[in-house]
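Participant: To be precise about what I am sending: the file is called start.cif and holds mmCIF, C-alpha atoms.
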```cif
data_input
loop_
_atom_site.label_atom_id
_atom_site.label_comp_id
_atom_site.auth_asym_id
_atom_site.auth_seq_id
_atom_site.Cartn_x
_atom_site.Cartn_y
_atom_site.Cartn_z
CA MET Q 1256 60.31 -29.41 -92.49
CA GLN Q 1257 56.90 -27.81 -92.22
CA ILE Q 1258 54.07 -28.98 -94.42
CA ASP Q 1259 53.59 -26.74 -97.39
CA ARG Q 1260 50.46 -24.69 -96.58
CA SER Q 1261 49.62 -24.37 -100.24
CA LEU Q 1262 48.54 -28.03 -100.20
CA LEU Q 1263 45.32 -26.99 -98.45
CA GLY Q 1264 42.34 -27.79 -100.64
CA ARG Q 1265 44.26 -30.16 -102.88
CA GLU Q 1266 42.01 -32.97 -104.12
CA SER Q 1267 42.52 -36.54 -105.21
CA GLU Q 1268 41.13 -38.07 -108.33
CA VAL Q 1269 37.77 -39.77 -107.89
CA VAL Q 1270 38.35 -43.42 -107.04
CA THR Q 1271 35.54 -45.90 -107.69
CA ARG Q 1272 35.16 -48.62 -105.07
CA GLU Q 1273 33.04 -51.67 -105.62
CA ILE Q 1274 31.52 -52.85 -102.38
CA GLU Q 1275 32.01 -56.59 -102.23
CA LYS Q 1276 30.22 -58.95 -99.89
CA GLY Q 1277 33.43 -60.87 -99.31
CA ALA Q 1278 35.35 -57.73 -98.37
CA ILE Q 1279 32.68 -56.75 -95.82
CA ARG Q 1280 32.67 -60.22 -94.33
CA GLN Q 1281 36.46 -60.29 -94.13
CA PHE Q 1282 36.47 -56.91 -92.40
CA ALA Q 1283 33.80 -57.94 -89.87
CA GLU Q 1284 35.66 -61.17 -89.16
CA ALA Q 1285 38.95 -59.33 -88.66
CA LEU Q 1286 37.15 -57.20 -86.05
CA GLY Q 1287 35.53 -60.25 -84.47
CA ASP Q 1288 32.12 -58.63 -84.91
CA PRO Q 1289 29.41 -61.33 -85.18
CA ASN Q 1290 26.63 -59.02 -86.48
CA PRO Q 1291 24.63 -61.06 -89.05
CA LEU Q 1292 23.88 -57.93 -91.11
CA TYR Q 1293 27.53 -57.97 -92.23
CA ARG Q 1294 27.53 -61.54 -93.49
CA ASP Q 1295 24.05 -63.00 -93.83
CA GLU Q 1296 22.07 -61.88 -96.85
CA THR Q 1297 18.81 -63.21 -95.43
CA ALA Q 1298 19.22 -61.29 -92.19
CA ALA Q 1299 20.13 -58.13 -94.09
CA LYS Q 1300 17.08 -58.43 -96.33
CA ALA Q 1301 14.83 -59.07 -93.34
CA ALA Q 1302 16.15 -55.81 -91.90
CA GLY Q 1303 15.19 -53.98 -95.09
CA TYR Q 1304 18.51 -53.83 -96.96
CA ARG Q 1305 19.14 -55.05 -100.50
CA SER Q 1306 22.15 -57.05 -99.36
CA VAL Q 1307 24.66 -57.20 -96.52
CA ILE Q 1308 25.74 -53.84 -95.13
CA ALA Q 1309 29.16 -52.63 -94.03
CA PRO Q 1310 30.25 -52.04 -90.42
CA PRO Q 1311 30.66 -48.38 -89.36
CA THR Q 1312 34.44 -48.20 -89.82
CA PHE Q 1313 34.47 -50.09 -93.13
CA SER Q 1314 34.52 -46.84 -95.10
CA SER Q 1315 38.10 -46.32 -93.91
CA THR Q 1316 39.06 -49.09 -96.34
CA LEU Q 1317 37.58 -47.08 -99.23
CA SER Q 1318 39.65 -43.98 -98.58
CA ALA Q 1319 41.23 -42.15 -101.48
CA THR Q 1320 43.79 -40.50 -99.21
CA GLU Q 1321 46.60 -42.82 -100.19
CA SER Q 1322 46.46 -41.73 -103.81
CA LEU Q 1323 46.45 -38.13 -102.61
CA LEU Q 1324 49.50 -38.70 -100.38
CA ARG Q 1325 51.55 -39.80 -103.34
CA THR Q 1326 50.88 -36.56 -105.19
CA LEU Q 1327 51.60 -34.47 -102.08
CA ASN Q 1328 55.03 -35.92 -101.51
CA LEU Q 1329 54.26 -36.77 -97.89
CA ASN Q 1330 55.82 -39.82 -96.31
CA PRO Q 1331 53.09 -41.99 -94.77
CA ARG Q 1332 55.68 -43.57 -92.47
CA ALA Q 1333 56.31 -40.21 -90.82
CA MET Q 1334 52.60 -39.80 -90.06
CA SER Q 1335 50.59 -41.12 -87.17
CA HIS Q 1336 46.83 -41.33 -87.16
CA GLY Q 1337 45.60 -39.02 -84.43
CA GLU Q 1338 41.88 -38.74 -85.00
CA GLN Q 1339 39.12 -40.21 -87.13
CA HIS Q 1340 35.59 -38.93 -87.72
CA PHE Q 1341 32.82 -40.63 -89.67
CA GLU Q 1342 29.47 -39.17 -90.64
CA TYR Q 1343 26.94 -41.54 -92.16
CA PHE Q 1344 24.19 -40.44 -94.51
CA LYS Q 1345 23.24 -43.71 -96.21
CA PRO Q 1346 24.17 -47.28 -95.33
CA ILE Q 1347 26.87 -48.87 -97.48
CA VAL Q 1348 25.36 -51.96 -99.07
CA ALA Q 1349 27.19 -54.74 -100.90
CA GLY Q 1350 26.90 -54.51 -104.67
CA GLU Q 1351 27.13 -50.72 -104.78
CA ARG Q 1352 29.79 -48.67 -106.48
CA ILE Q 1353 30.99 -45.73 -104.47
CA ASN Q 1354 32.94 -42.83 -105.87
CA VAL Q 1355 35.39 -41.53 -103.31
CA LYS Q 1356 37.28 -38.29 -103.37
CA SER Q 1357 39.76 -37.09 -100.79
CA ARG Q 1358 40.96 -33.56 -100.14
CA VAL Q 1359 43.27 -31.75 -97.76
CA ALA Q 1360 40.76 -30.13 -95.42
CA GLU Q 1361 43.06 -28.59 -92.81
CA ILE Q 1362 46.73 -28.00 -92.15
CA GLY Q 1363 47.71 -26.96 -88.67
CA GLU Q 1364 50.36 -27.09 -86.03
CA LYS Q 1365 50.42 -28.74 -82.65
CA ALA Q 1366 52.87 -28.49 -79.78
CA GLY Q 1367 54.68 -31.76 -79.16
CA ALA Q 1368 57.15 -32.85 -76.49
CA SER Q 1369 60.03 -32.44 -78.91
CA GLY Q 1370 58.86 -29.29 -80.65
CA PRO Q 1371 56.02 -28.35 -82.94
CA MET Q 1372 54.38 -31.00 -85.10
CA ASP Q 1373 52.26 -30.59 -88.18
CA VAL Q 1374 48.68 -31.76 -88.31
CA ILE Q 1375 47.08 -32.54 -91.63
CA VAL Q 1376 43.40 -33.43 -92.00
CA PHE Q 1377 42.08 -35.33 -95.00
CA GLU Q 1378 38.40 -35.42 -95.75
CA ASP Q 1379 36.91 -38.18 -97.87
CA GLU Q 1380 33.46 -38.09 -99.38
CA GLY Q 1381 31.83 -41.19 -100.76
CA ARG Q 1382 28.94 -40.88 -103.20
CA ASN Q 1383 26.82 -43.51 -104.86
CA GLU Q 1384 26.28 -43.61 -108.59
CA ALA Q 1385 23.27 -41.32 -108.28
CA GLY Q 1386 25.59 -38.76 -106.70
CA ASP Q 1387 24.07 -38.99 -103.21
CA LEU Q 1388 26.48 -38.41 -100.35
CA MET Q 1389 26.87 -41.72 -98.49
CA TYR Q 1390 29.48 -40.83 -95.90
CA ARG Q 1391 32.09 -38.29 -94.98
CA ALA Q 1392 35.29 -39.37 -93.25
CA LYS Q 1393 37.92 -37.14 -91.73
CA GLN Q 1394 41.30 -38.39 -90.68
CA ALA Q 1395 43.80 -36.26 -88.83
CA PHE Q 1396 47.47 -37.19 -88.99
CA ILE Q 1397 50.31 -35.89 -86.91
CA VAL Q 1398 53.37 -35.45 -89.06
CA ARG Q 1399 56.82 -35.51 -87.55
CA ARG Q 1400 59.19 -32.91 -88.86
CA SER Q 1401 62.43 -34.47 -89.92
CA MET L 395 25.06 -59.82 -75.73
CA PRO L 396 22.75 -58.13 -73.25
CA THR L 397 19.94 -57.43 -75.66
CA ALA L 398 16.89 -57.98 -73.52
CA ALA L 399 14.63 -55.96 -75.77
CA ARG L 400 14.57 -56.32 -79.51
CA HIS L 401 14.34 -52.62 -80.10
CA LEU L 402 15.55 -49.57 -78.33
CA TYR L 403 13.46 -46.43 -78.51
CA PHE L 404 14.13 -42.81 -77.69
CA GLU L 405 11.49 -42.71 -74.96
CA SER L 406 13.28 -45.35 -72.89
CA ILE L 407 16.80 -43.91 -73.11
CA ARG L 408 17.86 -41.79 -70.17
CA LEU L 409 20.59 -39.24 -69.77
CA ASN L 410 23.70 -40.87 -68.25
CA ASP L 411 22.60 -44.36 -69.26
CA GLU L 412 25.64 -46.50 -69.69
CA LEU L 413 26.01 -48.79 -72.66
CA PRO L 414 26.83 -52.42 -71.92
CA ALA L 415 30.64 -52.58 -72.04
CA LEU L 416 32.20 -54.66 -74.77
CA SER L 417 35.37 -56.54 -73.83
CA LYS L 418 37.14 -58.02 -76.80
CA ILE L 419 39.46 -61.00 -76.68
CA ALA L 420 43.12 -60.01 -76.56
CA VAL L 421 44.40 -58.49 -79.78
CA ASP L 422 47.05 -60.80 -81.24
CA ARG L 423 49.34 -60.70 -84.25
CA VAL L 424 47.01 -62.94 -86.25
CA GLN L 425 44.16 -60.48 -85.78
CA MET L 426 46.49 -57.61 -86.64
CA ALA L 427 47.48 -59.39 -89.87
CA ARG L 428 43.86 -60.16 -90.75
CA PHE L 429 42.88 -56.58 -90.10
CA ALA L 430 45.75 -55.28 -92.25
CA ILE L 431 44.51 -57.44 -95.11
CA ALA L 432 40.85 -56.57 -94.58
CA SER L 433 41.60 -52.86 -94.46
CA ASN L 434 44.29 -52.95 -97.14
CA ASP L 435 46.78 -51.18 -94.89
CA TYR L 436 50.17 -52.82 -94.99
CA ASN L 437 52.07 -50.42 -92.78
CA PRO L 438 55.08 -52.54 -91.66
CA ALA L 439 54.75 -51.11 -88.13
CA TYR L 440 51.60 -53.27 -87.82
CA LEU L 441 53.10 -56.40 -89.35
CA ASP L 442 56.85 -56.65 -89.32
CA GLU L 443 58.59 -57.22 -85.97
CA GLN L 444 62.03 -56.53 -87.38
CA TYR L 445 60.87 -53.28 -88.88
CA ALA L 446 59.30 -52.27 -85.57
CA ARG L 447 62.44 -53.05 -83.55
CA ALA L 448 64.62 -51.27 -86.08
CA HIS L 449 62.48 -48.21 -85.42
CA ASN L 450 62.86 -48.40 -81.64
CA LEU L 451 59.42 -49.82 -81.02
CA PRO L 452 59.04 -52.60 -78.45
CA SER L 453 57.02 -54.57 -81.04
CA THR L 454 54.52 -54.14 -83.82
CA PHE L 455 51.30 -52.44 -82.75
CA ALA L 456 47.69 -52.36 -83.91
CA PRO L 457 46.22 -49.35 -85.70
CA GLY L 458 43.86 -47.19 -83.64
CA ILE L 459 41.14 -47.73 -86.21
CA LEU L 460 40.99 -51.39 -85.10
CA ALA L 461 39.79 -50.25 -81.66
CA MET L 462 37.44 -47.81 -83.37
CA GLY L 463 35.97 -50.83 -85.15
CA PHE L 464 35.38 -52.43 -81.72
CA MET L 465 33.70 -49.18 -80.72
CA GLY L 466 31.41 -49.40 -83.73
CA GLN L 467 30.48 -52.92 -82.65
CA MET L 468 29.63 -51.83 -79.11
CA VAL L 469 27.51 -48.90 -80.26
CA ASN L 470 25.66 -50.92 -82.90
CA GLU L 471 24.91 -53.73 -80.44
CA TRP L 472 23.33 -51.15 -78.18
CA LEU L 473 21.42 -49.27 -80.90
CA ARG L 474 18.98 -52.07 -81.80
CA GLY L 475 16.84 -50.17 -84.25
CA GLY L 476 18.54 -46.79 -83.97
CA ARG L 477 20.64 -45.48 -86.81
CA LEU L 478 24.25 -44.46 -86.32
CA LEU L 479 24.91 -41.02 -87.82
CA LYS L 480 28.30 -40.15 -86.45
CA LEU L 481 31.27 -41.87 -84.83
CA THR L 482 34.46 -40.08 -83.87
CA SER L 483 37.66 -41.17 -82.13
CA ARG L 484 40.83 -39.61 -80.91
CA PHE L 485 43.57 -42.19 -80.65
CA VAL L 486 45.20 -41.67 -77.30
CA LYS L 487 47.40 -44.68 -76.73
CA VAL L 488 48.91 -47.42 -78.85
CA ILE L 489 47.41 -50.93 -78.79
CA TRP L 490 50.05 -53.63 -78.35
CA PRO L 491 49.70 -57.33 -79.12
CA GLY L 492 48.13 -58.99 -76.08
CA ASP L 493 46.10 -55.92 -75.10
CA VAL L 494 42.52 -56.55 -74.02
CA VAL L 495 40.36 -53.70 -75.24
CA THR L 496 37.16 -52.78 -73.42
CA CYS L 497 34.78 -50.28 -75.01
CA ARG L 498 32.40 -48.18 -72.96
CA GLY L 499 29.85 -45.49 -73.61
CA ARG L 500 27.40 -43.18 -71.91
CA VAL L 501 24.41 -41.12 -73.00
CA ILE L 502 25.35 -37.45 -72.76
CA ASP L 503 22.43 -35.83 -74.56
CA ARG L 504 18.89 -36.52 -75.77
CA ARG L 505 17.85 -34.15 -78.51
CA ILE L 506 14.50 -33.53 -80.12
CA GLU L 507 14.44 -31.74 -83.42
CA GLU L 508 11.47 -30.51 -85.36
CA ASN L 509 9.05 -32.81 -87.13
CA GLY L 510 9.69 -35.89 -85.06
CA LYS L 511 13.45 -36.39 -85.16
CA TYR L 512 15.05 -37.87 -82.09
CA PHE L 513 18.80 -37.99 -81.49
CA ILE L 514 21.03 -39.47 -78.82
CA ASP L 515 24.62 -38.34 -78.27
CA LEU L 516 27.11 -40.63 -76.60
CA ASP L 517 30.54 -40.31 -75.10
CA VAL L 518 32.49 -43.41 -76.04
CA TRP L 519 35.87 -44.56 -74.91
CA ALA L 520 38.08 -47.65 -74.82
CA GLU L 521 40.57 -48.85 -72.26
CA ASN L 522 43.21 -51.53 -72.20
CA GLN L 523 43.59 -54.18 -69.46
CA LYS L 524 45.52 -51.71 -67.29
CA GLY L 525 42.62 -49.27 -67.39
CA GLU L 526 44.56 -46.89 -69.60
CA LEU L 527 42.55 -44.85 -72.07
CA ILE L 528 43.36 -45.87 -75.63
CA LEU L 529 40.72 -43.90 -77.47
CA ARG L 530 37.88 -41.55 -76.77
CA GLY L 531 35.24 -40.06 -78.96
CA GLN L 532 31.58 -39.46 -79.52
CA ALA L 533 28.72 -41.03 -81.37
CA THR L 534 25.33 -39.77 -82.49
CA ALA L 535 22.37 -41.94 -83.40
CA GLN L 536 18.82 -41.30 -84.51
CA PHE L 537 15.97 -43.26 -82.95
CA PHE L 538 12.27 -43.79 -83.34
CA TYR L 539 10.47 -42.20 -80.44
CA ASN L 540 8.62 -45.41 -79.60
CA SER L 541 7.07 -48.42 -81.32
CA GLU L 542 4.17 -46.34 -82.57
CA ASP L 543 6.56 -43.93 -84.25
CA GLU L 544 8.35 -46.85 -85.87
CA THR L 545 5.11 -48.40 -87.13
CA ARG L 546 3.98 -45.06 -88.53
CA GLN L 547 7.23 -44.44 -90.36
CA ARG L 548 7.50 -47.97 -91.66
CA THR L 549 3.99 -47.71 -93.10
CA GLY L 550 4.72 -44.42 -94.83
CA GLN L 551 2.94 -42.16 -92.33
CA THR L 552 4.34 -39.00 -90.84
CA PRO L 553 6.59 -39.43 -87.79
CA LEU L 554 5.18 -39.13 -84.31
CA VAL L 555 5.79 -35.56 -83.17
CA VAL L 556 6.66 -35.10 -79.52
CA THR L 557 7.74 -31.57 -78.73
CA LYS L 558 10.54 -30.66 -76.36
CA ALA L 559 7.99 -29.28 -73.91
CA GLN L 560 5.93 -32.49 -74.01
CA GLU L 561 9.06 -34.57 -73.48
CA GLU L 562 10.20 -32.43 -70.57
CA ALA L 563 6.79 -32.76 -68.98
CA ARG L 564 6.87 -36.53 -69.42
CA LEU L 565 10.36 -36.80 -67.91
CA ALA L 566 9.38 -34.60 -64.98
CA ARG L 567 6.36 -36.81 -64.39
CA LEU L 568 8.52 -39.92 -64.58
CA SER L 569 10.99 -38.66 -62.03
CA ARG L 570 8.20 -37.46 -59.71
CA SER L 571 6.53 -40.80 -60.01
CA ALA L 572 9.82 -42.61 -59.46
CA ARG L 573 10.48 -40.57 -56.35
CA ASN L 574 7.05 -41.39 -55.06
CA GLN L 575 7.36 -45.05 -55.74
CA ASN L 576 11.10 -45.38 -55.39
CA LEU L 577 11.13 -47.27 -58.62
CA ASN L 578 13.06 -47.23 -61.78
CA PRO L 579 11.45 -44.26 -63.58
CA LEU L 580 11.13 -46.29 -66.75
CA ARG L 581 9.00 -48.91 -65.05
CA ALA L 582 7.02 -46.42 -63.03
CA VAL L 583 4.84 -45.27 -65.87
CA PRO L 584 3.81 -47.40 -68.80
CA SER L 585 4.96 -46.16 -72.14
CA LEU L 586 2.77 -43.56 -73.79
CA VAL L 587 1.51 -45.96 -76.37
CA LYS L 588 1.54 -49.69 -75.90
CA GLY L 589 2.08 -51.87 -78.90
CA PRO L 590 0.84 -51.15 -82.37
CA VAL L 591 -2.56 -49.45 -82.41
CA PRO L 592 -4.66 -49.23 -85.56
CA ALA L 593 -4.11 -45.84 -87.16
CA SER L 594 -7.77 -44.90 -86.74
CA GLN L 595 -7.61 -45.27 -82.96
CA LYS L 596 -4.31 -43.50 -82.58
CA PRO L 597 -4.26 -40.08 -81.05
CA ALA L 598 -3.17 -37.53 -83.59
CA LYS L 599 -0.66 -36.15 -81.17
CA VAL L 600 0.95 -37.48 -78.09
CA GLU L 601 -0.42 -34.60 -76.04
CA ALA L 602 -3.72 -36.43 -75.63
CA THR L 603 -2.13 -39.61 -74.34
CA VAL L 604 0.14 -37.67 -72.06
CA ALA L 605 -2.88 -36.06 -70.44
CA VAL L 606 -4.54 -39.45 -69.92
CA SER L 607 -1.58 -41.08 -68.29
CA ALA L 608 -0.94 -38.01 -66.15
CA ASN L 609 -4.51 -38.17 -64.84
CA ARG L 610 -4.32 -41.85 -64.19
CA HIS L 611 -1.28 -41.40 -62.03
CA ALA L 612 -2.72 -38.42 -60.31
CA ARG L 613 -5.62 -40.62 -59.28
CA LYS L 614 -3.45 -43.37 -57.92
CA PRO L 615 -0.95 -42.07 -55.43
CA HIS L 616 1.23 -44.82 -54.09
CA ARG L 617 0.42 -45.06 -50.38
CA ALA L 618 3.33 -47.18 -49.21
CA SER L 619 5.82 -44.81 -50.68
CA ARG L 620 4.58 -41.63 -49.05
CA ALA L 621 7.38 -41.87 -46.55
CA LEU L 622 9.81 -41.71 -49.40
CA LYS L 623 8.28 -38.60 -50.84
CA GLY L 624 10.86 -36.01 -51.61
CA LYS L 625 13.68 -38.47 -51.25
CA ARG L 626 15.96 -38.34 -54.22
CA MET L 627 16.12 -41.36 -56.36
CA SER L 628 19.44 -43.04 -56.18
CA ARG L 629 21.09 -42.75 -59.50
CA VAL L 630 23.73 -44.89 -61.00
CA LYS L 631 26.90 -42.96 -60.87
CA PRO L 632 28.49 -42.90 -64.28
CA ALA L 633 31.92 -44.44 -64.34
CA LYS L 634 34.57 -41.79 -64.47
CA MET L 635 36.40 -41.64 -67.69
CA SER L 636 39.89 -42.95 -67.16
CA LYS L 637 42.48 -40.33 -66.76
CA GLN L 638 44.10 -39.68 -70.03
CA VAL L 639 47.43 -41.39 -70.13
CA THR L 640 49.59 -40.54 -73.04
CA ARG L 641 52.71 -42.55 -73.29
CA LYS L 642 55.01 -41.40 -75.96
CA VAL L 643 56.17 -44.10 -78.26
CA SER L 644 59.65 -43.47 -79.35
CA ARG L 645 59.85 -43.81 -83.06
CA LYS L 646 63.22 -42.34 -83.86
CA ARG L 647 64.87 -43.43 -86.96
#
```
What does the file become when written as structure tokens?
Facilitator:
Amino acid sequence: MQIDRSLLGRESEVVTREIEKGAIRQFAEALGDPNPLYRDETAAKAAGYRSVIAPPTFSSTLSATESLLRTLNLNPRAMSHGEQHFEYFKPIVAGERINVKSRVAEIGEKAGASGPMDVIVFEDEGRNEAGDLMYRAKQAFIVRRS
Amino acid sequence: MPTAARHLYFESIRLNDELPALSKIAVDRVQMARFAIASNDYNPAYLDEQYARAHNLPSTFAPGILAMGFMGQMVNEWLRGGRLLKLTSRFVKVIWPGDVVTCRGRVIDRRIEENGKYFIDLDVWAENQKGELILRGQATAQFFYNSEDETRQRTGQTPLVVTKAQEEARLARLSRSARNQNLNPLRAVPSLVKGPVPASQKPAKVEATVAVSANRHARKPHRASRALKGKRMSRVKPAKMSKQVTRKVSRKR
């Protein structure tokens, strides 16, 4: 079944994410990334940050796409992650609260070996409490038609 | 980590420079489980062998975003003072437990925008131990032009403005000088400004310094290398990007 084109532009609720030091450290350790800025407050402060900062792909853990998927009636198990884009405007620093909103940015079609497949692109925007844009993340999923 | 210099500046980055490759230890199921927890993604295809087999997969596999995290590590280890603005990845091939992921990157563009903004664009890609491409993408980072630019900006002054024309002239001079001396172009000419200089002694614009260093080199032709004049500098050939291999993973249900 093809993805309903009318879903284009659909938005999630705003989800507030608290950026925790422990969560950043756990993420960096899972990657095996030894960068002290992700775990050592002193090093982060020496580099000019208020506290430890998050690695570049950490914002994927803040995504509001999952809550959007539930309202769209799409099965996440039928989707495979094809592409990911991040744009960074401000560093994500521990202690912040980030408001994240996800929307359906594109719906398209792609030729696959066993027939056409749907492509759906979600775009997340994270803003700090002052409303400044911190990052934008786009994830493209290939959806199998069943 | 090959971080000889503490900081990396725009002036010393060349087109086609390769980033030091980052080879990670083999991805195993423990790392996959830790990453699932850390990223709050409990897709059973990453965690549950029985689920994977029941869906015609040879085993569980790791999410592509794990390798993109490795990519972020490689780029940030290279940046050293630059600021990452963009990172993109297309996930080409699945990562299986036991795979050794190696990330690579290459400078594909140096861009100067108005009012002293300096950007570097990179091609980035990752391969497994068989040399198969597992992801490819791009990254963009912003840099200080040189240490003077950094000092100025950190002390609240305006950025150092080097125009495209000035930069092109400097690069042309570097490659001429490198051809003459058969040296690494970056070592052939000292940097425009060495170390922090008190603001009062600093040239308002780089143009002045450029003229000085140009004259100095014009005065000192390298005798021994005259024979090499006109000979092209040997350049490091960028590693070819692995041929894209897309293996379909059967996931019938």
Participant: I need the output of the PyMOL selection byres ((chain Q) within 7 of (chain L)) for this file as a PyMOL selection string; which residues are they?
Facilitator: chain Q and resi 1278+1281-1282+1285-1286+1288+1311-1312+1316+1337-1344
Participant: Suppose we keep C-alpha atoms; can you now write the selection as an mmCIF file, keeping the file's coordinate frame?
Facilitator:
```
data_model
loop_
_atom_site.group_PDB
_atom_site.id
_atom_site.type_symbol
_atom_site.label_atom_id
_atom_site.label_comp_id
_atom_site.auth_asym_id
_atom_site.auth_seq_id
_atom_site.Cartn_x
_atom_site.Cartn_y
_atom_site.Cartn_z
ATOM 1 C CA ALA Q 1278 35.350 -57.730 -98.370
ATOM 2 C CA GLN Q 1281 36.460 -60.290 -94.130
ATOM 3 C CA PHE Q 1282 36.470 -56.910 -92.400
ATOM 4 C CA ALA Q 1285 38.950 -59.330 -88.660
ATOM 5 C CA LEU Q 1286 37.150 -57.200 -86.050
ATOM 6 C CA ASP Q 1288 32.120 -58.630 -84.910
ATOM 7 C CA PRO Q 1311 30.660 -48.380 -89.360
ATOM 8 C CA THR Q 1312 34.440 -48.200 -89.820
ATOM 9 C CA THR Q 1316 39.060 -49.090 -96.340
ATOM 10 C CA GLY Q 1337 45.600 -39.020 -84.430
ATOM 11 C CA GLU Q 1338 41.880 -38.740 -85.000
ATOM 12 C CA GLN Q 1339 39.120 -40.210 -87.130
ATOM 13 C CA HIS Q 1340 35.590 -38.930 -87.720
ATOM 14 C CA PHE Q 1341 32.820 -40.630 -89.670
ATOM 15 C CA GLU Q 1342 29.470 -39.170 -90.640
ATOM 16 C CA TYR Q 1343 26.940 -41.540 -92.160
ATOM 17 C CA PHE Q 1344 24.190 -40.440 -94.510
#
```
Participant: Between L:Tyr512, L:Arg564, L:Ser541, L:Cys497, which residue has the minimum interatomic distance to Trp472 of chain L, considering all atoms listed in the file?
Facilitator: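 For Trp472 of chain L, the nearest of the given residues is L:Cys497.
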Participant: For segment 1297-1304 of chain Q, work out the shell of residues within 10 Å, counting all atoms listed in the file and skipping chain neighbours fewer than 3 positions away, then give it as a PyMOL selection string.
Facilitator: (chain Q and resi 1290-1294+1307-1308+1346-1349) or (chain L and resi 475)
Participant: Interatomic distance between atom CA of Gly1363 of chain Q and atom CA of Leu1262 of chain Q?
Facilitator: 11.6 Å
Participant: Excluding segment 544-555 of chain L and residues on its chain fewer than 6 positions from it, collect all residues at most 6 Å away from it, counting only C-alpha atoms, and give them as JSON, numbers by chain.
Facilitator: {"L": [509, 510, 538]}
Participant: Once the PyMOL selection byres ((chain Q and resi 1381) around 9) has been applied to the shown file, what residues remain in the selection, as a list in words?
Facilitator: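 So the PyMOL selection byres ((chain Q and resi 1381) around 9) ends up selecting Ser1314, Leu1317, Ser1318, Ile1353, Asn1354, Val1355, Lys1356, Ser1357, Asp1379, Glu1380, Arg1382, Asn1383, Gly1386, Asp1387, Leu1388, Met1389, Tyr1390, Arg1391 and Ala1392 of chain Q.
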Participant: With all atoms listed in the file as the counted atoms, please give the residues lying no more than 12 Å from Lys1365 of chain Q, apart from itself and same-chain residues fewer than 2 positions off, as number ranges by chain.
Facilitator: Q: 1257, 1337, 1362-1363, 1367-1375, 1395-1400
Participant: Suppose you want the space between atom CA of Thr496 of chain L and atom CA of Val1376 of chain Q; what is it in Å?
Facilitator: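 We find that atom CA of Thr496 of chain L and atom CA of Val1376 of chain Q lie 27.5 Å from each other.
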Participant: Starting from the shown file, work through the PyMOL selection byres ((chain Q and resi 1265) around 10) and note down what comes out as a list in words.
Facilitator: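 Those residues are Ser1261, Leu1262, Leu1263, Gly1264, Glu1266, Ser1267, Leu1323, Thr1326, Leu1327, Ser1357, Arg1358, Val1359, Ala1360 and Phe1377 of chain Q.
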Participant: Take atom CA of Ile489 of chain L and atom CA of Ile528 of chain L and report the distance between them in Å, one decimal.
Facilitator: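 Distance reported for this atom pair: 7.2 Å.
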Participant: May I have the centre and edge lengths, in Å to one decimal, of an axis-aligned box around the listed atoms of segment 428-445 of chain L with 6 Å added to every side, as AutoDock Vina command-line options?
Facilitator:
```
--center_x 51.4 --center_y -55.3 --center_z -91.6 --size_x 33.2 --size_y 21.7 --size_z 23.2
```
Participant: Counting only C-alpha atoms, figure out which residue out of Q:Glu1321, Q:Glu1361, Q:Asp1259, Q:Glu1351 gets nearest to Lys1276 of chain Q.
Facilitator: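 Of Q:Glu1321, Q:Glu1361, Q:Asp1259, Q:Glu1351, the one nearest Lys1276 of chain Q is Q:Glu1351, counting only C-alpha atoms.
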Participant: Using all atoms listed in the file for the distances, tell me which of L:Phe513, L:Tyr445, L:Trp490, L:Trp519 is nearest to Tyr403 of chain L.
Facilitator: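 Among L:Phe513, L:Tyr445, L:Trp490, L:Trp519, it is L:Phe513 that comes nearest to Tyr403 of chain L.
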